[in-house]
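**Q** Let me begin by handing over the structure; questions about it come next.
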Amino acid sequence: MALNHTNRLQASWEQGRQRTRSLRPAYGRVSFRATALAALLSLAAATTTWAQVSPSVEYQVKAALLLNIAKFIEWPSDVFKSNTAPITFCVFGHDPFGSVLDDVLRGKTINNREILAWRIKELPDLKACQLIFVGDTEDKRMSEIINSLKGSSTLTVGESKDFAERGGEIQFYVEENKVRFSTNVDAVQRARLIVSSKLLGLARIVHDQGHTNGG
């Protein structure tokens, strides 16, 4: 069952890529964004009965989402040591992906930057990452993680309850058997990240806990 579901997800993703090929303009950046958007839409539309599939299938979807979400994020130029420095995706603590994340990222680039996959165990090492995934088993360390990243331009992505409202930038959650994501626009602003309006259009927008319309 898990194998069949994985094949359906891959077929859906490939269909999204095929649809964009006929729309490719002369400029690669626009085509790059169109392909990424089609992949995001395909993944967001994929319905999954999560109680019936293996964890590996769930994290195949989440690994693909990490890659495609990152294509709609602009980091400050001072985050990178050079114009060719890689983008580093990190998994903090327990790694639920296994080799899946490495497989998804292998050979991929974002704005001509190579993508690296690191596993991080110590909080001081997190500032070397541009994107950090925090699994739900690390939820108890959420406050430590957020505090250790103060002043950095790191995109944090988690899956535990209220991860975004507690200061993470993006949170995966399941609704109607589909993987969705929330974006905390307050956290994004603090991190000096620029998020494409197209990505925000697919997200559930949230704010910090205790936020009020008056500020």
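All residue names refer to the structure tokens as shown: chains lettered A, B, ... in order, residues numbered from 1 in each chain, ligands numbered from 1 in order.
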Could you name the residues that touch range 100-111 of chain A at 12 Å or less, counting only C-alpha atoms, but leaving out those on the same chain fewer than 2 positions away, as a PyMOL selection string?
**A** chain A and resi 10+28-33+36+55-75+83-91+95-98+113-119+133
**Q** Write the residues of the preceding selection, restricted to N, CA and C atoms, as a tab-separated table (two decimals), in the first residue's frame.
**A**
chain	number	residue	atom	x	y	z
A	10	GLN	N	4.53	10.48	-6.67
A	10	GLN	CA	5.54	10.79	-7.66
A	10	GLN	C	4.91	11.13	-9.00
A	28	GLY	N	15.42	31.65	-16.87
A	28	GLY	CA	15.38	30.45	-16.05
A	28	GLY	C	14.76	30.64	-14.69
A	29	ARG	N	14.91	31.83	-14.09
A	29	ARG	CA	14.40	32.05	-12.74
A	29	ARG	C	12.89	31.93	-12.70
A	30	VAL	N	12.20	32.48	-13.71
A	30	VAL	CA	10.74	32.38	-13.76
A	30	VAL	C	10.32	30.93	-13.93
A	31	SER	N	11.00	30.22	-14.82
A	31	SER	CA	10.69	28.81	-15.05
A	31	SER	C	10.91	28.00	-13.78
A	32	PHE	N	12.00	28.30	-13.08
A	32	PHE	CA	12.34	27.63	-11.82
A	32	PHE	C	11.21	27.79	-10.81
A	33	ARG	N	10.69	29.02	-10.68
A	33	ARG	CA	9.60	29.28	-9.74
A	33	ARG	C	8.32	28.58	-10.19
A	36	ALA	N	8.56	24.90	-9.36
A	36	ALA	CA	8.44	24.70	-7.91
A	36	ALA	C	7.01	24.88	-7.44
A	55	PRO	N	5.80	5.62	7.96
A	55	PRO	CA	6.43	6.93	8.20
A	55	PRO	C	7.31	7.37	7.03
A	56	SER	N	7.90	6.41	6.31
A	56	SER	CA	8.79	6.78	5.21
A	56	SER	C	8.04	7.54	4.12
A	57	VAL	N	6.78	7.18	3.88
A	57	VAL	CA	6.00	7.90	2.88
A	57	VAL	C	5.71	9.31	3.35
A	58	GLU	N	5.33	9.46	4.60
A	58	GLU	CA	5.06	10.79	5.14
A	58	GLU	C	6.28	11.69	5.00
A	59	TYR	N	7.46	11.15	5.28
A	59	TYR	CA	8.66	11.99	5.24
A	59	TYR	C	9.22	12.17	3.84
A	60	GLN	N	8.80	11.33	2.90
A	60	GLN	CA	9.09	11.62	1.50
A	60	GLN	C	8.35	12.88	1.08
A	61	VAL	N	7.08	12.98	1.49
A	61	VAL	CA	6.29	14.17	1.17
A	61	VAL	C	6.91	15.40	1.84
A	62	LYS	N	7.26	15.28	3.11
A	62	LYS	CA	7.79	16.43	3.84
A	62	LYS	C	9.16	16.86	3.31
A	63	ALA	N	9.98	15.89	2.89
A	63	ALA	CA	11.29	16.23	2.31
A	63	ALA	C	11.09	17.01	1.01
A	64	ALA	N	10.15	16.58	0.19
A	64	ALA	CA	9.86	17.28	-1.06
A	64	ALA	C	9.31	18.68	-0.79
A	65	LEU	N	8.48	18.80	0.24
A	65	LEU	CA	7.96	20.12	0.60
A	65	LEU	C	9.07	21.05	1.08
A	66	LEU	N	10.00	20.53	1.86
A	66	LEU	CA	11.12	21.36	2.32
A	66	LEU	C	11.87	21.96	1.13
A	67	LEU	N	12.17	21.12	0.16
A	67	LEU	CA	12.90	21.58	-1.02
A	67	LEU	C	12.12	22.65	-1.77
A	68	ASN	N	10.85	22.40	-2.01
A	68	ASN	CA	10.06	23.32	-2.82
A	68	ASN	C	9.70	24.60	-2.08
A	69	ILE	N	9.51	24.51	-0.77
A	69	ILE	CA	9.28	25.73	0.02
A	69	ILE	C	10.52	26.62	-0.02
A	70	ALA	N	11.70	26.00	0.10
A	70	ALA	CA	12.94	26.78	0.12
A	70	ALA	C	13.15	27.57	-1.18
A	71	LYS	N	12.57	27.10	-2.26
A	71	LYS	CA	12.71	27.80	-3.54
A	71	LYS	C	11.95	29.13	-3.55
A	72	PHE	N	11.07	29.33	-2.57
A	72	PHE	CA	10.30	30.56	-2.49
A	72	PHE	C	10.75	31.45	-1.34
A	73	ILE	N	11.92	31.14	-0.78
A	73	ILE	CA	12.48	31.92	0.32
A	73	ILE	C	13.72	32.66	-0.19
A	74	GLU	N	13.83	33.92	0.20
A	74	GLU	CA	15.04	34.69	-0.12
A	74	GLU	C	15.74	35.04	1.18
A	75	TRP	N	16.99	34.56	1.31
A	75	TRP	CA	17.80	34.84	2.49
A	75	TRP	C	18.61	36.12	2.27
A	83	ASN	N	28.98	34.15	-3.30
A	83	ASN	CA	27.86	33.97	-4.22
A	83	ASN	C	27.63	32.51	-4.60
A	84	THR	N	28.60	31.67	-4.32
A	84	THR	CA	28.48	30.25	-4.66
A	84	THR	C	28.40	29.35	-3.43
A	85	ALA	N	28.35	29.96	-2.25
A	85	ALA	CA	28.26	29.15	-1.03
A	85	ALA	C	26.98	28.33	-1.03
A	86	PRO	N	27.01	27.10	-0.51
A	86	PRO	CA	25.82	26.25	-0.55
A	86	PRO	C	24.75	26.69	0.44
A	87	ILE	N	23.54	26.20	0.22
A	87	ILE	CA	22.45	26.33	1.18
A	87	ILE	C	22.43	25.06	2.02
A	88	THR	N	22.41	25.22	3.33
A	88	THR	CA	22.49	24.06	4.22
A	88	THR	C	21.15	23.78	4.87
A	89	PHE	N	20.62	22.58	4.58
A	89	PHE	CA	19.41	22.08	5.24
A	89	PHE	C	19.87	21.21	6.41
A	90	CYS	N	19.38	21.51	7.59
A	90	CYS	CA	19.78	20.75	8.78
A	90	CYS	C	18.58	20.07	9.43
A	91	VAL	N	18.82	18.92	10.00
A	91	VAL	CA	17.83	18.24	10.83
A	91	VAL	C	18.39	18.23	12.24
A	95	ASP	N	16.45	12.28	13.68
A	95	ASP	CA	16.25	12.41	12.23
A	95	ASP	C	15.18	11.44	11.76
A	96	PRO	N	13.96	11.93	11.44
A	96	PRO	CA	12.90	11.03	10.98
A	96	PRO	C	12.99	10.70	9.49
A	97	PHE	N	13.90	11.37	8.77
A	97	PHE	CA	13.97	11.19	7.31
A	97	PHE	C	14.80	9.99	6.88
A	98	GLY	N	15.81	9.63	7.67
A	98	GLY	CA	16.74	8.61	7.20
A	98	GLY	C	17.46	9.14	5.97
A	113	ARG	N	22.89	27.58	-6.14
A	113	ARG	CA	23.61	27.14	-4.94
A	113	ARG	C	23.36	25.66	-4.70
A	114	GLU	N	24.42	24.93	-4.44
A	114	GLU	CA	24.30	23.53	-4.05
A	114	GLU	C	23.56	23.44	-2.72
A	115	ILE	N	22.85	22.33	-2.51
A	115	ILE	CA	22.14	22.12	-1.24
A	115	ILE	C	22.81	20.99	-0.48
A	116	LEU	N	23.15	21.25	0.77
A	116	LEU	CA	23.75	20.24	1.64
A	116	LEU	C	22.75	19.80	2.69
A	117	ALA	N	22.84	18.57	3.12
A	117	ALA	CA	21.99	18.04	4.20
A	117	ALA	C	22.87	17.66	5.38
A	118	TRP	N	22.66	18.33	6.51
A	118	TRP	CA	23.43	18.06	7.71
A	118	TRP	C	22.51	17.58	8.82
A	119	ARG	N	23.08	16.79	9.74
A	119	ARG	CA	22.39	16.42	10.98
A	119	ARG	C	23.11	17.12	12.12
A	133	PHE	N	15.03	21.66	10.16
A	133	PHE	CA	13.81	20.89	10.44
A	133	PHE	C	13.89	20.37	11.86
**Q** Using only C-alpha atoms, determine which residues lie at most 9 Å from Val185 in chain A, disregarding the query and same-chain residues fewer than 5 positions distant; provide the list as a ChimeraX atom specification.
**A** /A:169,190,195,205-208
**Q** Please save N, CA and C atoms of the selected residues as a compact mmCIF listing (two decimals), in the first residue's frame.
**A**
# COMPACT_ATOMS: atom_id res chain seq x y z
N GLU A 169 9.13 29.49 11.93
CA GLU A 169 8.64 30.16 10.73
C GLU A 169 7.57 29.33 10.00
N ARG A 190 11.30 38.77 11.72
CA ARG A 190 12.44 38.83 12.64
C ARG A 190 13.70 38.24 12.03
N VAL A 195 9.57 35.97 1.93
CA VAL A 195 8.78 34.82 1.49
C VAL A 195 7.91 35.25 0.31
N ILE A 205 -1.75 31.58 7.47
CA ILE A 205 -0.96 32.63 8.09
C ILE A 205 -1.25 32.69 9.59
N VAL A 206 -0.21 32.67 10.39
CA VAL A 206 -0.36 32.77 11.85
C VAL A 206 0.61 33.82 12.37
N HIS A 207 0.43 34.17 13.65
CA HIS A 207 1.28 35.14 14.33
C HIS A 207 1.80 34.53 15.62
N ASP A 208 2.70 35.25 16.27
CA ASP A 208 3.20 34.81 17.56
C ASP A 208 2.05 34.67 18.55
**Q** From a DSSP calculation on the backbone, collect every residue of range 69-171 of chain A in helix (DSSP H, G or I) and output the set as JSON, numbers by chain.
**A** {"A": [69, 70, 77, 78, 79, 100, 101, 102, 103, 104, 105, 123, 124, 125, 126, 127, 128, 136, 137, 138, 139, 140, 141, 142, 143, 144, 145, 146, 147, 148]}
**Q** Looking at only C-alpha atoms, which of A:Gly167, A:Ser153, A:Asp139, A:Ala203 is the one that sits closest to Ala191 in chain A?
**A**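 Once distances to Ala191 in chain A are computed over only C-alpha atoms, the minimum belongs to A:Ser153.
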**Q** What's around Gly158 in chain A at 6 Å? Count only C-alpha atoms, leave out sequence neighbours fewer than 3 positions away in its own chain, and write the answer as a PyMOL selection string.
**A** chain A and resi 133-135+171
**Q** Would you save the residues from that selection as a short mmCIF file (atom, residue, chain, number, x, y, z; two decimals), in the first residue's frame, using C-alpha atoms?
**A**
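Resulting contents of again_24.cif:
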data_model
loop_
_atom_site.label_atom_id
_atom_site.label_comp_id
_atom_site.auth_asym_id
_atom_site.auth_seq_id
_atom_site.Cartn_x
_atom_site.Cartn_y
_atom_site.Cartn_z
CA PHE A 133 13.81 20.89 10.44
CA VAL A 134 12.72 20.14 13.99
CA GLY A 135 10.80 16.89 14.45
CA GLN A 171 4.84 24.30 10.60
#
**Q** Nearest to Ile120 in chain A: which of A:Ser99, A:Leu199, A:Tyr173, A:Phe92 is it, counting only C-alpha atoms?
**A**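 So, comparing all the options, the nearest one is A:Phe92.
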